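Here is the file entry-v1.tsv (TSV, C-alpha atoms (C1' of nucleotides)).
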```
chain	number	residue	atom	x	y	z
A	14	MET	CA	0.00	0.00	0.00
A	15	THR	CA	1.22	3.46	-0.70
A	16	ASN	CA	1.48	5.57	2.34
A	17	PRO	CA	-1.17	8.22	2.00
A	18	SER	CA	0.08	10.41	4.83
A	19	SER	CA	3.46	11.11	3.30
A	20	ALA	CA	3.56	12.85	-0.04
A	21	THR	CA	7.31	12.31	-0.55
A	22	PRO	CA	8.57	14.12	2.50
A	23	GLN	CA	11.56	16.40	2.48
A	24	PRO	CA	14.78	14.67	3.34
A	25	LEU	CA	16.62	15.61	6.50
A	26	THR	CA	19.03	18.48	6.53
A	27	CYS	CA	22.63	17.65	7.16
A	28	ASP	CA	22.45	18.71	10.80
A	29	GLU	CA	19.26	16.80	11.38
A	30	GLU	CA	20.84	13.75	9.86
A	31	ALA	CA	23.87	14.02	12.10
A	32	LEU	CA	21.69	14.46	15.15
A	33	VAL	CA	19.51	11.49	14.33
A	34	ARG	CA	22.49	9.25	13.76
A	35	ALA	CA	24.09	10.37	16.98
A	36	LEU	CA	20.86	9.78	18.82
A	37	GLY	CA	20.64	6.28	17.43
A	38	GLN	CA	24.09	5.62	18.74
A	39	VAL	CA	23.33	7.07	22.15
A	40	MET	CA	20.12	5.13	22.52
A	41	HIS	CA	21.96	1.91	21.78
A	42	VAL	CA	25.16	2.53	23.61
A	43	LEU	CA	24.36	4.57	26.70
A	44	PRO	CA	22.03	2.21	28.53
A	45	ARG	CA	24.43	-0.68	28.12
A	46	THR	CA	27.40	1.43	29.11
A	47	ILE	CA	25.84	2.85	32.25
A	48	ASP	CA	24.51	-0.56	33.09
A	49	ALA	CA	27.94	-2.07	32.67
A	50	ASP	CA	29.51	0.62	34.82
A	51	MET	CA	27.05	-0.04	37.59
A	52	VAL	CA	27.07	-3.79	37.42
A	53	GLY	CA	30.84	-3.76	37.44
A	54	ASP	CA	30.87	-1.65	40.52
A	55	ARG	CA	27.96	-2.68	42.70
A	56	GLN	CA	26.10	-5.51	40.95
A	57	LEU	CA	22.91	-3.47	40.53
A	58	PRO	CA	21.73	-3.24	36.95
A	59	LEU	CA	20.10	-0.02	35.86
A	60	THR	CA	16.53	-1.29	35.76
A	61	GLU	CA	16.70	-2.59	39.29
A	62	TYR	CA	18.41	0.52	40.50
A	63	THR	CA	15.67	2.65	39.02
A	64	ALA	CA	12.99	0.62	40.72
A	65	LEU	CA	14.66	0.89	44.11
A	66	MET	CA	15.24	4.57	43.62
A	67	ASN	CA	11.64	5.26	42.84
A	68	LEU	CA	10.53	3.29	45.86
A	69	SER	CA	12.92	5.14	48.10
A	70	GLU	CA	11.43	8.47	47.11
A	71	THR	CA	7.96	7.72	48.39
A	72	PRO	CA	7.16	8.67	51.97
A	73	ASP	CA	6.66	5.10	53.18
A	74	ARG	CA	8.91	3.37	50.68
A	75	ARG	CA	6.14	1.45	49.00
A	76	MET	CA	4.29	1.74	45.74
A	77	ARG	CA	1.66	-0.02	43.68
A	78	MET	CA	2.94	-2.06	40.78
A	79	ASN	CA	1.30	-0.07	38.03
A	80	GLU	CA	2.56	3.25	39.33
A	81	LEU	CA	6.06	1.91	39.71
A	82	ALA	CA	5.96	0.42	36.23
A	83	ALA	CA	5.04	3.79	34.79
A	84	LEU	CA	7.87	5.55	36.61
A	85	CYS	CA	10.36	2.92	35.44
A	86	HIS	CA	9.06	3.10	31.87
A	87	LEU	CA	8.42	-0.61	31.96
A	88	SER	CA	5.44	-2.73	31.05
A	89	LEU	CA	3.48	-4.14	33.94
A	90	SER	CA	4.77	-7.61	33.31
A	91	GLY	CA	8.30	-6.32	33.01
A	92	MET	CA	7.83	-4.66	36.37
A	93	THR	CA	6.53	-7.87	37.91
A	94	ARG	CA	9.65	-9.67	36.76
A	95	THR	CA	11.97	-6.96	38.00
A	96	ILE	CA	10.33	-6.95	41.42
A	97	ILE	CA	10.59	-10.73	41.58
A	98	ARG	CA	14.31	-10.46	40.93
A	99	LEU	CA	14.64	-7.85	43.65
A	100	GLU	CA	12.52	-9.89	46.02
A	101	THR	CA	14.72	-12.95	45.70
A	102	GLN	CA	17.66	-10.74	46.63
A	103	GLY	CA	15.76	-9.50	49.66
A	104	LEU	CA	15.85	-5.90	48.52
A	105	VAL	CA	12.11	-5.60	48.17
A	106	ARG	CA	9.14	-7.28	49.81
A	107	ARG	CA	5.61	-7.52	48.52
A	108	GLU	CA	2.49	-6.82	50.51
A	109	ARG	CA	-1.11	-7.06	49.49
A	110	CYS	CA	-2.70	-3.70	49.16
A	111	GLU	CA	-5.00	-2.81	52.06
A	112	GLU	CA	-7.68	-0.95	50.24
A	113	ASP	CA	-7.81	-3.16	47.16
A	114	ALA	CA	-7.07	-6.83	47.56
A	115	ARG	CA	-6.23	-7.21	43.88
A	116	GLY	CA	-3.32	-4.82	44.25
A	117	TRP	CA	0.19	-5.31	45.52
A	118	ASN	CA	2.67	-2.93	47.03
A	119	ALA	CA	6.33	-3.26	46.40
A	120	VAL	CA	8.03	-2.28	49.64
A	121	LEU	CA	11.67	-1.33	49.90
A	122	THR	CA	13.34	-3.33	52.66
A	123	ASP	CA	16.12	-2.02	54.86
A	124	ALA	CA	18.53	-4.17	52.90
A	125	GLY	CA	17.21	-2.61	49.72
A	126	PHE	CA	17.67	0.87	51.08
A	127	ALA	CA	21.20	0.07	52.15
A	128	ARG	CA	21.99	-1.37	48.76
A	129	LEU	CA	20.66	1.71	47.09
A	130	GLU	CA	22.85	3.91	49.23
A	131	GLU	CA	25.83	1.85	48.27
A	132	SER	CA	24.95	2.05	44.62
A	133	TRP	CA	24.10	5.62	44.05
A	134	PRO	CA	27.56	7.12	43.98
A	135	SER	CA	28.42	4.71	41.25
A	136	HIS	CA	25.23	5.52	39.38
A	137	LEU	CA	25.86	9.21	39.78
A	138	ALA	CA	29.40	8.89	38.53
A	139	ALA	CA	28.31	6.86	35.52
A	140	VAL	CA	25.64	9.36	34.58
A	141	ARG	CA	27.98	12.29	34.90
A	142	ARG	CA	30.79	10.67	33.03
A	143	ARG	CA	28.79	9.06	30.26
A	144	PHE	CA	26.26	11.77	29.71
A	145	LEU	CA	26.18	15.06	31.61
A	146	GLN	CA	29.81	15.75	31.04
A	147	HIS	CA	29.20	16.11	27.33
A	148	PHE	CA	26.53	18.75	27.80
A	149	GLU	CA	28.47	21.34	29.71
A	150	GLY	CA	27.58	24.78	28.48
A	151	PHE	CA	24.11	23.76	27.36
A	152	ASP	CA	20.92	25.13	28.84
A	153	LEU	CA	20.08	21.97	30.72
A	154	ALA	CA	16.60	23.01	31.76
A	155	GLN	CA	15.63	23.76	28.20
A	156	LEU	CA	17.16	20.52	27.06
A	157	ALA	CA	15.32	18.62	29.76
A	158	ARG	CA	12.01	20.05	28.61
A	159	ALA	CA	12.70	18.99	25.04
A	160	PHE	CA	13.53	15.47	26.16
A	161	GLN	CA	10.44	15.30	28.27
A	162	ARG	CA	8.34	16.18	25.25
A	163	ALA	CA	10.13	13.56	23.16
A	164	GLY	CA	9.69	10.95	25.86
A	165	MET	CA	5.95	11.39	26.09
A	166	ALA	CA	4.94	8.95	23.41
A	167	GLU	CA	1.47	9.39	22.11
A	168	PRO	CA	-0.14	6.27	20.76
A	169	THR	CA	0.96	5.13	17.32
A	170	ASP	CA	-2.13	6.54	15.64
B	26	MET	CA	23.98	9.47	56.17
B	27	THR	CA	27.44	9.90	54.82
B	28	ASN	CA	28.80	7.38	52.44
B	29	PRO	CA	32.23	6.25	53.53
B	30	SER	CA	33.26	4.30	50.44
B	31	SER	CA	33.21	7.16	48.01
B	32	ALA	CA	34.10	10.65	49.12
B	33	THR	CA	30.40	11.56	48.95
B	34	PRO	CA	30.01	13.00	45.47
B	35	GLN	CA	27.96	16.09	44.96
B	36	PRO	CA	24.35	15.35	44.15
B	37	LEU	CA	22.92	16.47	40.86
B	38	THR	CA	21.52	19.92	40.48
B	39	CYS	CA	17.85	20.20	39.86
B	40	ASP	CA	18.30	20.75	36.14
B	41	GLU	CA	20.72	17.90	35.82
B	42	GLU	CA	18.30	15.67	37.63
B	43	ALA	CA	15.47	16.63	35.32
B	44	LEU	CA	17.63	16.04	32.28
B	45	VAL	CA	18.78	12.64	33.44
B	46	ARG	CA	15.26	11.51	34.18
B	47	ALA	CA	14.04	12.73	30.83
B	48	LEU	CA	16.90	10.98	29.10
B	49	GLY	CA	16.02	7.75	30.86
B	50	GLN	CA	12.53	8.08	29.57
B	51	VAL	CA	13.65	8.84	26.04
B	52	MET	CA	16.07	5.95	25.94
B	53	HIS	CA	13.34	3.58	26.99
B	54	VAL	CA	10.46	4.96	25.04
B	55	LEU	CA	11.81	6.31	21.77
B	56	PRO	CA	13.23	3.16	20.22
B	57	ARG	CA	10.06	1.22	20.91
B	58	THR	CA	7.89	4.04	19.66
B	59	ILE	CA	9.75	4.57	16.42
B	60	ASP	CA	9.90	0.85	15.94
B	61	ALA	CA	6.18	0.55	16.49
B	62	ASP	CA	5.49	3.37	14.04
B	63	MET	CA	7.56	1.67	11.39
B	64	VAL	CA	6.35	-1.83	11.95
B	65	GLY	CA	2.80	-0.61	11.87
B	66	ASP	CA	3.37	1.02	8.54
B	67	ARG	CA	5.75	-1.14	6.56
B	68	GLN	CA	6.67	-4.16	8.70
B	69	LEU	CA	10.33	-3.21	8.89
B	70	PRO	CA	11.62	-2.98	12.43
B	71	LEU	CA	14.20	-0.35	13.19
B	72	THR	CA	17.19	-2.67	13.47
B	73	GLU	CA	16.55	-4.21	10.08
B	74	TYR	CA	15.87	-0.85	8.54
B	75	THR	CA	19.16	0.45	9.83
B	76	ALA	CA	21.03	-2.49	8.39
B	77	LEU	CA	19.47	-2.05	4.97
B	78	MET	CA	20.08	1.67	5.08
B	79	ASN	CA	23.74	1.27	5.84
B	80	LEU	CA	24.12	-1.25	3.05
B	81	SER	CA	22.38	1.03	0.60
B	82	GLU	CA	24.87	3.78	1.28
B	83	THR	CA	27.92	1.84	0.14
B	84	PRO	CA	28.93	2.13	-3.51
B	85	ASP	CA	28.24	-1.52	-4.33
B	86	ARG	CA	25.60	-2.19	-1.71
B	87	ARG	CA	27.67	-4.67	0.21
B	88	MET	CA	29.58	-4.68	3.44
B	89	ARG	CA	31.54	-6.95	5.71
B	90	MET	CA	29.73	-8.18	8.79
B	91	ASN	CA	31.95	-6.52	11.35
B	92	GLU	CA	31.78	-3.14	9.70
B	93	LEU	CA	28.03	-3.34	9.39
B	94	ALA	CA	27.72	-4.40	13.01
B	95	ALA	CA	29.68	-1.37	14.12
B	96	LEU	CA	27.51	0.98	12.08
B	97	CYS	CA	24.35	-0.58	13.46
B	98	HIS	CA	25.71	-0.46	17.01
B	99	LEU	CA	25.14	-4.17	17.30
B	100	SER	CA	27.31	-7.02	18.47
B	101	LEU	CA	28.68	-9.25	15.76
B	102	SER	CA	26.36	-12.07	16.72
B	103	GLY	CA	23.42	-9.70	16.82
B	104	MET	CA	24.35	-8.64	13.31
B	105	THR	CA	24.55	-12.23	12.12
B	106	ARG	CA	21.04	-12.87	13.37
B	107	THR	CA	19.66	-9.69	11.86
B	108	ILE	CA	21.15	-10.54	8.50
B	109	ILE	CA	19.71	-14.02	8.71
B	110	ARG	CA	16.27	-12.53	9.29
B	111	LEU	CA	16.73	-10.23	6.31
B	112	GLU	CA	18.05	-13.07	4.20
B	113	THR	CA	15.01	-15.23	4.78
B	114	GLN	CA	12.90	-12.31	3.59
B	115	GLY	CA	15.04	-12.05	0.48
B	116	LEU	CA	16.11	-8.51	1.26
B	117	VAL	CA	19.76	-9.37	1.63
B	118	ARG	CA	22.03	-12.03	0.23
B	119	ARG	CA	25.34	-13.25	1.58
B	120	GLU	CA	28.46	-13.78	-0.41
B	121	ARG	CA	31.81	-15.04	0.69
B	122	CYS	CA	34.40	-12.37	0.72
B	123	GLU	CA	36.80	-12.53	-2.24
B	124	GLU	CA	39.99	-11.47	-0.55
B	125	ASP	CA	39.46	-13.29	2.71
B	126	ALA	CA	37.59	-16.56	2.73
B	127	ARG	CA	36.72	-16.24	6.39
B	128	GLY	CA	34.71	-13.14	5.73
B	129	TRP	CA	31.21	-12.59	4.44
B	130	ASN	CA	29.60	-9.72	2.66
B	131	ALA	CA	26.02	-8.80	3.26
B	132	VAL	CA	24.66	-7.68	-0.09
B	133	LEU	CA	21.50	-5.65	-0.51
B	134	THR	CA	19.23	-7.29	-3.08
B	135	ASP	CA	16.95	-5.42	-5.44
B	136	ALA	CA	14.03	-6.48	-3.31
B	137	GLY	CA	15.82	-5.11	-0.29
B	138	PHE	CA	16.45	-1.82	-1.99
B	139	ALA	CA	12.83	-1.58	-3.03
B	140	ARG	CA	11.70	-2.35	0.46
B	141	LEU	CA	13.96	0.32	1.83
B	142	GLU	CA	12.54	2.86	-0.55
B	143	GLU	CA	9.06	1.96	0.57
B	144	SER	CA	10.05	2.25	4.20
B	145	TRP	CA	12.00	5.40	4.41
B	146	PRO	CA	9.18	7.92	4.29
B	147	SER	CA	7.67	6.21	7.26
B	148	HIS	CA	10.99	6.15	9.06
B	149	LEU	CA	11.56	9.78	8.29
B	150	ALA	CA	8.12	10.73	9.52
B	151	ALA	CA	8.59	8.79	12.72
B	152	VAL	CA	11.93	10.39	13.43
B	153	ARG	CA	10.61	13.86	12.80
B	154	ARG	CA	7.48	13.43	14.78
B	155	ARG	CA	8.93	11.56	17.72
B	156	PHE	CA	12.18	13.39	18.01
B	157	LEU	CA	13.25	16.26	15.80
B	158	GLN	CA	10.03	18.12	16.23
B	159	HIS	CA	10.81	18.65	19.89
B	160	PHE	CA	14.15	20.26	19.19
B	161	GLU	CA	13.09	23.13	16.99
B	162	GLY	CA	15.02	26.20	17.86
B	163	PHE	CA	18.04	24.29	19.12
B	164	ASP	CA	21.45	24.42	17.58
B	165	LEU	CA	21.25	20.99	16.04
B	166	ALA	CA	24.86	20.78	14.95
B	167	GLN	CA	26.08	21.56	18.43
B	168	LEU	CA	23.63	19.08	19.89
B	169	ALA	CA	24.73	16.44	17.43
B	170	ARG	CA	28.35	16.87	18.49
B	171	ALA	CA	27.41	16.46	22.14
B	172	PHE	CA	25.51	13.29	21.36
B	173	GLN	CA	28.36	11.93	19.34
B	174	ARG	CA	30.66	12.42	22.29
B	175	ALA	CA	28.18	10.73	24.60
B	176	GLY	CA	27.75	7.85	22.20
B	177	MET	CA	31.44	7.08	22.00
B	178	ALA	CA	31.68	4.72	24.92
B	179	GLU	CA	35.13	4.21	26.27
B	180	PRO	CA	35.70	0.89	27.96
B	181	THR	CA	34.32	0.51	31.47
B	182	ASP	CA	37.68	1.08	33.12
C	22	DA	C1'	55.20	-27.94	4.78
C	23	DA	C1'	53.45	-28.39	9.32
C	24	DC	C1'	52.31	-25.74	13.13
C	25	DC	C1'	50.19	-22.12	15.85
C	26	DG	C1'	48.32	-17.83	17.50
C	27	DG	C1'	45.09	-14.45	15.73
C	28	DT	C1'	40.85	-13.14	13.12
C	29	DG	C1'	35.91	-13.39	11.15
C	30	DC	C1'	31.90	-15.13	11.75
C	31	DT	C1'	28.35	-18.46	13.61
C	32	DT	C1'	26.13	-21.13	17.15
C	33	DG	C1'	24.33	-22.34	21.86
C	34	DA	C1'	22.76	-20.80	26.17
C	35	DT	C1'	20.97	-17.16	28.70
C	36	DT	C1'	18.79	-12.77	29.69
C	37	DG	C1'	15.51	-9.17	30.03
C	38	DG	C1'	12.11	-7.40	27.86
C	39	DT	C1'	7.28	-7.70	25.12
C	40	DC	C1'	2.36	-9.10	24.28
C	41	DA	C1'	-1.61	-11.97	25.07
C	42	DA	C1'	-4.11	-14.87	27.96
C	43	DG	C1'	-5.47	-16.05	32.57
C	44	DC	C1'	-7.07	-15.43	37.27
C	45	DA	C1'	-8.88	-13.16	41.22
C	46	DA	C1'	-10.99	-9.24	43.28
C	47	DG	C1'	-13.83	-5.26	42.66
C	48	DT	C1'	-18.04	-2.75	40.71
C	49	DA	C1'	-22.41	-1.88	38.55
C	50	DC	C1'	-26.72	-3.29	37.30
C	51	DC	C1'	-30.90	-5.81	37.18
D	10	DG	C1'	-27.54	-11.17	45.40
D	11	DG	C1'	-26.23	-13.20	41.05
D	12	DT	C1'	-24.47	-11.86	36.37
D	13	DA	C1'	-21.56	-9.33	33.50
D	14	DC	C1'	-17.88	-6.36	32.97
D	15	DT	C1'	-13.61	-4.12	34.52
D	16	DT	C1'	-9.23	-3.77	36.84
D	17	DG	C1'	-4.59	-5.28	38.80
D	18	DC	C1'	-1.36	-8.26	38.50
D	19	DT	C1'	0.95	-12.73	37.04
D	20	DT	C1'	2.09	-16.28	33.85
D	21	DG	C1'	3.32	-18.47	29.36
D	22	DA	C1'	5.17	-18.08	24.91
D	23	DC	C1'	8.10	-15.55	22.36
D	24	DC	C1'	11.80	-12.46	20.64
D	25	DA	C1'	15.86	-9.91	19.93
D	26	DA	C1'	19.75	-8.94	22.06
D	27	DT	C1'	24.03	-10.50	24.78
D	28	DC	C1'	28.32	-13.35	25.91
D	29	DA	C1'	31.14	-17.37	25.49
D	30	DA	C1'	32.54	-21.19	22.96
D	31	DG	C1'	33.38	-23.17	18.51
D	32	DC	C1'	34.92	-23.52	13.71
D	33	DA	C1'	37.28	-22.17	9.57
D	34	DC	C1'	40.68	-19.71	7.61
D	35	DC	C1'	44.80	-16.61	7.52
D	36	DG	C1'	49.63	-15.54	7.98
D	37	DG	C1'	54.06	-15.72	10.08
D	38	DT	C1'	57.66	-19.04	12.11
D	39	DT	C1'	60.53	-22.97	11.86
```
Represent the structure of the file as structure tokens.
Amino acid sequence: MTNPSSATPQPLTCDEEALVRALGQVMHVLPRTIDADMVGDRQLPLTEYTALMNLSETPDRRMRMNELAALCHLSLSGMTRTIIRLETQGLVRRERCEEDARGWNAVLTDAGFARLEESWPSHLAAVRRRFLQHFEGFDLAQLARAFQRAGMAEPTD
Amino acid sequence: MTNPSSATPQPLTCDEEALVRALGQVMHVLPRTIDADMVGDRQLPLTEYTALMNLSETPDRRMRMNELAALCHLSLSGMTRTIIRLETQGLVRRERCEEDARGWNAVLTDAGFARLEESWPSHLAAVRRRFLQHFEGFDLAQLARAFQRAGMAEPTD
DNA sequence: AACCGGTGCTTGATTGGTCAAGCAAGTACC
DNA sequence: GGTACTTGCTTGACCAATCAAGCACCGGTT
């Protein structure tokens, strides 16, 4: 089928092209690199770190699965599996939700909190070194807003 | 509490924090979104598209596996598997390398080229809509350089 | 000319994610 | 208060990537 929506679109400019290629590279390379940095240092892969971090930021260190999944940018089933991994390491515990017996709370344990505290310097260093460092001199707030817009995926109409 | 193991690094500023979070979101969401856009439209997932595109840009539409893997930001085995997928669809053919019988060339077939031509408007649209659109008003060349630096991963010391 | 370390690619096992189907608890409606 | 639908999460099947091991070939050494 011919694509009706696209009447032979204009090609990218040279700068756009360069940016898109560089983005492709970053999207592939950065997660693995940061992950490798962290795993090498404290055995906490990025996904699990993110989950613990989000839990630690709530007042009572617990969160419903669907909310946590959204914050981690993970599908609900992906979240389930991550939490199971964390649970077997004793970093997280699960409790049935009081006000809705279908729901579960992931609860950060003391061990989990301790592990997070051990990990964050390494995470911080990785993020600075692999990413922030290269954006010195940029207007970070403006850049952050642009990324936020790009990250909010609307459905694939 | 103070962290003894690591000279307590400075926490991120608020803007840095926002940027890092937004980047995390983009890295998770964008590849899947663009992929979904493309698959929905022309059944060519992003990885395979990228491989075909890189092949199409060589003078004789062929490339050694390791070079192609590097351009696609894929491991060599990942590249092998991608090329196998493309081969079974008839979009790529493999030929032993003339000057080194260990090596293989991935060769873009006519069908592959045609498929690429069908796909690129959709790829272009996805990239614009999901990414470039949000960076209007930025200095794209400068941004591209920063991304290139970030994408060049040095080994995990 | 036989060997041997290095190189190019593939294969096998594993991992970490997805989607779709399932199940159990809640909710609305008659 | 049962029936039908919805919601929250888990499970099963799958998929695309990784790493490590294997195989075939190269090229220099003797």
With only C-alpha atoms (C1' of nucleotides) counted and 7 Å as the cut-off, give the residues of chain D in contact with chain B, each with its shortest interatomic distance in Å and the pair that gives it, as a tab-separated table.
```
residue	atom	partner	partner_atom	distance
D:DA26	C1'	B:Gly103	CA	6.4
D:DA33	C1'	B:Arg127	CA	6.8
D:DC34	C1'	B:Arg127	CA	5.4
```
Pick out the residues sitting within 10 Å of DG43 of chain C, and hand them over as an MDAnalysis selection string; count all atoms listed in the file, and ignore anything fewer than 5 positions along from it in its own chain.
chainID D and resid 19:21
Skip DA34 of chain C itself and residues of its chain fewer than 3 positions away, then list as a PyMOL selection string all residues within 12 Å of it, counting all atoms listed in the file.
chain D and resi 27-30
Relative to chain B, what is the Cα RMSD of chain A after a least-squares superposition using every Cα atom paired in order?
2.0 Å
At a cut-off of 8 Å, which residues of chain B touch chain A? Count all atoms listed in the file and give the answer as a PDB file with C-alpha atoms, in the frame of the given file.
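The resulting file, result18.pdb, is shown below:
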```
ATOM      1  CA  ASN B  28      28.800   7.380  52.440  1.00  0.00           C
ATOM      2  CA  SER B  31      33.210   7.160  48.010  1.00  0.00           C
ATOM      3  CA  THR B  33      30.400  11.560  48.950  1.00  0.00           C
ATOM      4  CA  PRO B  34      30.010  13.000  45.470  1.00  0.00           C
ATOM      5  CA  PRO B  36      24.350  15.350  44.150  1.00  0.00           C
ATOM      6  CA  LEU B  37      22.920  16.470  40.860  1.00  0.00           C
ATOM      7  CA  ASP B  40      18.300  20.750  36.140  1.00  0.00           C
ATOM      8  CA  GLU B  41      20.720  17.900  35.820  1.00  0.00           C
ATOM      9  CA  ALA B  43      15.470  16.630  35.320  1.00  0.00           C
ATOM     10  CA  LEU B  44      17.630  16.040  32.280  1.00  0.00           C
ATOM     11  CA  VAL B  45      18.780  12.640  33.440  1.00  0.00           C
ATOM     12  CA  ALA B  47      14.040  12.730  30.830  1.00  0.00           C
ATOM     13  CA  LEU B  48      16.900  10.980  29.100  1.00  0.00           C
ATOM     14  CA  GLN B  50      12.530   8.080  29.570  1.00  0.00           C
ATOM     15  CA  VAL B  51      13.650   8.840  26.040  1.00  0.00           C
ATOM     16  CA  MET B  52      16.070   5.950  25.940  1.00  0.00           C
ATOM     17  CA  HIS B  53      13.340   3.580  26.990  1.00  0.00           C
ATOM     18  CA  VAL B  54      10.460   4.960  25.040  1.00  0.00           C
ATOM     19  CA  LEU B  55      11.810   6.310  21.770  1.00  0.00           C
ATOM     20  CA  PRO B  56      13.230   3.160  20.220  1.00  0.00           C
ATOM     21  CA  THR B  58       7.890   4.040  19.660  1.00  0.00           C
ATOM     22  CA  ALA B  61       6.180   0.550  16.490  1.00  0.00           C
ATOM     23  CA  ASP B  62       5.490   3.370  14.040  1.00  0.00           C
ATOM     24  CA  ASP B  66       3.370   1.020   8.540  1.00  0.00           C
ATOM     25  CA  HIS B  98      25.710  -0.460  17.010  1.00  0.00           C
ATOM     26  CA  PRO B 146       9.180   7.920   4.290  1.00  0.00           C
ATOM     27  CA  SER B 147       7.670   6.210   7.260  1.00  0.00           C
ATOM     28  CA  LEU B 149      11.560   9.780   8.290  1.00  0.00           C
ATOM     29  CA  ALA B 150       8.120  10.730   9.520  1.00  0.00           C
ATOM     30  CA  VAL B 152      11.930  10.390  13.430  1.00  0.00           C
ATOM     31  CA  ARG B 155       8.930  11.560  17.720  1.00  0.00           C
ATOM     32  CA  PHE B 156      12.180  13.390  18.010  1.00  0.00           C
ATOM     33  CA  LEU B 157      13.250  16.260  15.800  1.00  0.00           C
ATOM     34  CA  HIS B 159      10.810  18.650  19.890  1.00  0.00           C
ATOM     35  CA  PHE B 160      14.150  20.260  19.190  1.00  0.00           C
ATOM     36  CA  LEU B 165      21.250  20.990  16.040  1.00  0.00           C
ATOM     37  CA  ALA B 166      24.860  20.780  14.950  1.00  0.00           C
ATOM     38  CA  LEU B 168      23.630  19.080  19.890  1.00  0.00           C
ATOM     39  CA  ALA B 169      24.730  16.440  17.430  1.00  0.00           C
ATOM     40  CA  ARG B 170      28.350  16.870  18.490  1.00  0.00           C
ATOM     41  CA  ALA B 171      27.410  16.460  22.140  1.00  0.00           C
ATOM     42  CA  PHE B 172      25.510  13.290  21.360  1.00  0.00           C
ATOM     43  CA  GLN B 173      28.360  11.930  19.340  1.00  0.00           C
ATOM     44  CA  ARG B 174      30.660  12.420  22.290  1.00  0.00           C
ATOM     45  CA  ALA B 175      28.180  10.730  24.600  1.00  0.00           C
ATOM     46  CA  GLY B 176      27.750   7.850  22.200  1.00  0.00           C
ATOM     47  CA  MET B 177      31.440   7.080  22.000  1.00  0.00           C
ATOM     48  CA  ALA B 178      31.680   4.720  24.920  1.00  0.00           C
ATOM     49  CA  THR B 181      34.320   0.510  31.470  1.00  0.00           C
TER      50      THR B 181
END
```
Counting all atoms listed in the file, which residues in chain C sit no more than 8 Å from chain B? For each one, give the nearest pair of atoms and the distance in Å, sorted by chain then residue number, as JSON lines.
```
{"residue": "C:DG29", "atom": "C1'", "partner": "B:Gly128", "partner_atom": "CA", "distance": 5.6}
{"residue": "C:DC30", "atom": "C1'", "partner": "B:Gly128", "partner_atom": "CA", "distance": 6.9}
{"residue": "C:DT31", "atom": "C1'", "partner": "B:Ser102", "partner_atom": "CA", "distance": 7.4}
```
Straight-line distance linking atom CA of Glu92 of chain B with atom C1' of DG26 of chain C, stated in Å to one decimal:
23.5 Å
For segment 46-50 of chain C, find every residue with an atom within 12 Å (counting only C-alpha atoms (C1' of nucleotides)), except residues of its own chain fewer than 3 positions away, and show them as a list in words.
Arg109, Cys110, Glu112, Asp113, Ala114, Arg115 and Gly116 of chain A; DG10, DG11, DT12, DA13, DC14, DT15, DT16, DG17 and DC18 of chain D
So for segment 69-81 of chain B, what box centre and size do we get, axis-aligned, 5 Å extra on each of the six sides, every listed atom, Å to one decimal, as lines of an AutoDock Vina configuration file?
```
center_x = 17.2
center_y = -1.3
center_z = 7.0
size_x = 23.8
size_y = 15.9
size_z = 22.9
```
If you count only C-alpha atoms (C1' of nucleotides), which residues fall within 12 Å of Arg110 of chain B, apart from same-chain ones fewer than 4 positions away, as a list in words?
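After dropping sequence-adjacent residues, the list is Leu69, Pro70, Thr72, Glu73, Tyr74, Ala76, Leu77, Gly103, Met104, Thr105, Arg106, Gln114, Gly115, Leu116, Val117, Arg118 and Arg119 of chain B; DA25 of chain D.
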Can you measure atom CA of Thr83 of chain B to atom CA of Thr134 of chain B for me? One decimal in Å is fine.
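Computing it gives 13.0 Å between the two atoms.
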Could you check how far atom C1' of DT39 of chain D sits from atom C1' of DC25 of chain C, in Å to one decimal?
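Atom C1' of DC25 of chain C lies at a distance of 11.1 Å from atom C1' of DT39 of chain D.
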